[in-house]
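See structure below.
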Amino acid sequence: MSHLRRALLAFGFVVAVGAPAARADDAADAKAIVEKAVKAHGGQENLDKFPATTTAMKGKVHVMGMEIPFTGEVLTQGPDKLKLDLEIEAGGMKLRIMNVLAGDKGWNKLGDAVEELDKDKLAEAREQAYAAWVSTLAPLLKDKQFTLATVGEIKVNDKPALGVKVSSKGRRDVDLYFDKETSMLVKVETRVKDDSSGQEVTEENFPSEYKEVQGVKQAMKFTVKRDGKPFLDGEATEYTLADKFPADTFVKP
């Protein structure tokens with residue numbers, strides 16, 4: 001699911017402060033929730049094995065009262081590498097969009113025009129890619145940068161879900177919610193900067209219809225809302241997982 005979430009970078013790329021340390025018992029409860037989720041999603045070994053993912057996808061984005069269909073492919077590797085190649089259809093015209101994030105550099109390509117991301121856009125792209133990496137679950141139990149804390153129980157699709165807040169110094173918090181019965185990830189919540197308004201909004205991503213791909217459970221569908229309003233609906237048509245991509249994959253388009 002997390003790999004699909006990174007596709008949102010195609011439609012727009014609270015500075016976090018160090019979160020207070022979680023109580024020992026609360027941190028243990030949060031860790032236990034994540035441990036069950038990691039196991040449910042395929043286990044730590046399988047999650048670590050495939051940091052590089054290719055996803056063929058289709059869906060629609062909701063912009064200014066319009067529903068704009070898209071098809072394309074997204075390649076992701078680790079917390080800060082992404083290449084997205086989409087075709088959208090708007091006003092009877094088809095347009096190709098490509099986004100590339102390569103660590104401390106990034107580019108947008110619209111048609112034949114290529115733009116290097118400025119400091120602010122690059123920072124936003126990196127934040128959203130980081131949040132997507134967190135939602136893979138792979139680094140949470142190994143990397144000491146993360147603080148885990150419980151955020152209570154809510155209902156997602158009328159089913160109880162347990163929440164865990166993931167904090168890291170200098171990063172926005174990411175709230176992950178797991179189905180209480182199956183431990184599958186059913187909601188990801190964070191703050192993002194909306195490209196059209198320039199304002200920060202709350203983004204909620206709801207992955208669903210999980211399928212096993214090379215030993216890892218991946219969500220085949222997702223629904224995204226921003227400040228409670230529909231933003232994007234999508235589905236994966238094919239996944240391919242790998243240990244890494246060639247070095248020239250994430251370069252200026």
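Letters for chains follow the order of the structure tokens (A, B, ...), residue numbers begin at 1 for each chain, and ligand numbers begin at 1 in the order shown.
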As number ranges by chain, please: the residues near A:Thr136 (cut-off 12 Å, only C-alpha atoms, same-chain neighbours under 5 positions excluded). A: 1-6, 34, 37-38, 41-44, 46-48, 50-53, 76-79, 129-131, 141, 174, 176, 184-185, 188, 207, 216-219
Open item on the list: If you run DSSP on the backbone here, which positions in stretch 1-242 of chain A get strand (DSSP E or B)? Please write them as a ChimeraX atom specification.
Closed with: /A:52-63,66-77,81-90,93-102,105-110,113-116,147-156,159-167,174-179,185-193,200-213,216-226,229-242
Shortest contact to A:Lys83, candidates A:Val134, A:Met64, A:Val100, A:Ala247, atoms counted only C-alpha atoms, goes to A:Val100
Name the residues in contact with A:Val213 at a cut-off of 9 Å, using only C-alpha atoms, excluding same-chain residues fewer than 5 positions from it; report them as a tab-separated table (two decimals) with C-alpha atoms, in the first residue's frame.
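Contents of the output file part02.tsv:
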chain	number	residue	atom	x	y	z
A	218	GLN	CA	0.23	-5.23	-0.53
A	239	TYR	CA	3.31	-5.21	-8.39
A	240	THR	CA	6.94	-6.24	-8.85
A	241	LEU	CA	9.26	-6.29	-5.82
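Here atom CA of A:Thr237 and atom CA of A:Lys58 stand 7.3 Å from one another.
The shell of residues at most 9 Å from A:Ile154, with only C-alpha atoms counted and near chain neighbours (fewer than 5 positions) removed, consists of Lys159, Pro160, Ala161, Leu162, Gly163 and Tyr177 of chain A.
Take the candidates A:Lys142, A:Lys187, A:Arg126, A:Lys244 and check each one against A:Arg171 using only C-alpha atoms; the shortest distance goes to A:Arg126.
Closest approach to A:Ser168 among A:Gly106, A:Glu153, A:Lys144, A:Thr190: A:Lys144, based on only C-alpha atoms.
For the set A:Asn205, A:Gly91, A:Val192, A:Ala32, the residue with the smallest atom-to-atom gap to A:Ala123 is A:Val192, counting only C-alpha atoms.
All residues of stretch 122-207 of chain A that DSSP, run on the backbone, classes as helix (DSSP H, G or I) are Leu122, Ala123, Glu124, Ala125, Arg126, Glu127, Gln128, Ala129, Tyr130, Ala131, Ala132, Trp133 and Val134 of chain A.
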Same residues, N, CA and C atoms, saved as a PDB file, in the first residue's frame:
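Final file, part_12.pdb:
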ATOM      1  N   LEU A 122      11.098  20.511  -2.714  1.00  0.00           N
ATOM      2  CA  LEU A 122      11.911  19.336  -2.435  1.00  0.00           C
ATOM      3  C   LEU A 122      11.682  18.859  -1.003  1.00  0.00           C
ATOM      4  N   ALA A 123      11.610  19.800  -0.062  1.00  0.00           N
ATOM      5  CA  ALA A 123      11.371  19.437   1.333  1.00  0.00           C
ATOM      6  C   ALA A 123      10.025  18.732   1.485  1.00  0.00           C
ATOM      7  N   GLU A 124       9.008  19.226   0.786  1.00  0.00           N
ATOM      8  CA  GLU A 124       7.689  18.607   0.874  1.00  0.00           C
ATOM      9  C   GLU A 124       7.694  17.219   0.238  1.00  0.00           C
ATOM     10  N   ALA A 125       8.358  17.089  -0.894  1.00  0.00           N
ATOM     11  CA  ALA A 125       8.448  15.785  -1.546  1.00  0.00           C
ATOM     12  C   ALA A 125       9.144  14.776  -0.641  1.00  0.00           C
ATOM     13  N   ARG A 126      10.198  15.212   0.032  1.00  0.00           N
ATOM     14  CA  ARG A 126      10.933  14.320   0.925  1.00  0.00           C
ATOM     15  C   ARG A 126      10.084  13.931   2.133  1.00  0.00           C
ATOM     16  N   GLU A 127       9.292  14.872   2.654  1.00  0.00           N
ATOM     17  CA  GLU A 127       8.418  14.556   3.790  1.00  0.00           C
ATOM     18  C   GLU A 127       7.374  13.510   3.409  1.00  0.00           C
ATOM     19  N   GLN A 128       6.772  13.682   2.242  1.00  0.00           N
ATOM     20  CA  GLN A 128       5.736  12.736   1.834  1.00  0.00           C
ATOM     21  C   GLN A 128       6.343  11.364   1.515  1.00  0.00           C
ATOM     22  N   ALA A 129       7.543  11.355   0.936  1.00  0.00           N
ATOM     23  CA  ALA A 129       8.209  10.084   0.676  1.00  0.00           C
ATOM     24  C   ALA A 129       8.588   9.393   1.977  1.00  0.00           C
ATOM     25  N   TYR A 130       9.011  10.190   2.960  1.00  0.00           N
ATOM     26  CA  TYR A 130       9.334   9.637   4.284  1.00  0.00           C
ATOM     27  C   TYR A 130       8.114   8.983   4.916  1.00  0.00           C
ATOM     28  N   ALA A 131       6.963   9.674   4.853  1.00  0.00           N
ATOM     29  CA  ALA A 131       5.738   9.133   5.434  1.00  0.00           C
ATOM     30  C   ALA A 131       5.346   7.826   4.762  1.00  0.00           C
ATOM     31  N   ALA A 132       5.541   7.761   3.447  1.00  0.00           N
ATOM     32  CA  ALA A 132       5.231   6.527   2.724  1.00  0.00           C
ATOM     33  C   ALA A 132       6.170   5.406   3.136  1.00  0.00           C
ATOM     34  N   TRP A 133       7.437   5.731   3.346  1.00  0.00           N
ATOM     35  CA  TRP A 133       8.412   4.736   3.806  1.00  0.00           C
ATOM     36  C   TRP A 133       8.035   4.204   5.187  1.00  0.00           C
ATOM     37  N   VAL A 134       7.641   5.110   6.066  1.00  0.00           N
ATOM     38  CA  VAL A 134       7.187   4.696   7.398  1.00  0.00           C
ATOM     39  C   VAL A 134       6.034   3.709   7.286  1.00  0.00           C
TER      40      VAL A 134
END
Which residues come within 12 Å of A:Gly65, counting only C-alpha atoms, excluding same-chain residues fewer than 5 positions away, as a short mmCIF file (atom, residue, chain, number, x, y, z; two decimals) with N, CA and C atoms, in the first residue's frame?
data_model
loop_
_atom_site.label_atom_id
_atom_site.label_comp_id
_atom_site.auth_asym_id
_atom_site.auth_seq_id
_atom_site.Cartn_x
_atom_site.Cartn_y
_atom_site.Cartn_z
N LYS A 229 -12.18 15.61 2.65
CA LYS A 229 -12.76 15.65 1.31
C LYS A 229 -12.05 14.67 0.39
N PRO A 230 -12.76 14.05 -0.56
CA PRO A 230 -12.12 13.12 -1.50
C PRO A 230 -10.98 13.78 -2.25
N PHE A 231 -9.86 13.09 -2.33
CA PHE A 231 -8.71 13.61 -3.07
C PHE A 231 -8.26 12.64 -4.16
#
Could you name the residues that touch A:Gly234 at 9 Å or less, counting only C-alpha atoms, but leaving out those on the same chain fewer than 3 positions away, as a PDB file with C-alpha atoms, in the first residue's frame?
ATOM      1  CA  LEU A   4       0.832   3.449  -3.968  1.00  0.00           C
ATOM      2  CA  MET A  57      -1.731   1.650 -11.279  1.00  0.00           C
ATOM      3  CA  LYS A  58      -4.838   3.500 -12.329  1.00  0.00           C
ATOM      4  CA  GLY A  59      -7.395   5.735 -10.663  1.00  0.00           C
ATOM      5  CA  LYS A  60      -8.731   9.262 -10.461  1.00  0.00           C
ATOM      6  CA  VAL A  61      -7.802  12.445  -8.636  1.00  0.00           C
ATOM      7  CA  PHE A  70      -4.858   8.605 -14.556  1.00  0.00           C
ATOM      8  CA  MET A 220      -4.568  -3.316  -4.122  1.00  0.00           C
ATOM      9  CA  LYS A 221      -6.879  -0.342  -3.547  1.00  0.00           C
ATOM     10  CA  PHE A 222      -6.716   2.910  -1.628  1.00  0.00           C
ATOM     11  CA  THR A 223      -8.806   5.992  -0.961  1.00  0.00           C
ATOM     12  CA  VAL A 224      -7.257   9.316   0.044  1.00  0.00           C
TER      13      VAL A 224
END
One residue among A:Ser183, A:Lys169, A:Gln214, A:Val63 is nearest to A:Glu35 when using only C-alpha atoms, and that residue is A:Ser183
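Distances here use only C-alpha atoms; by that measure, the residue among A:His62, A:Val166, A:Lys180, A:Glu212 closest to A:Asp143 is A:Val166.
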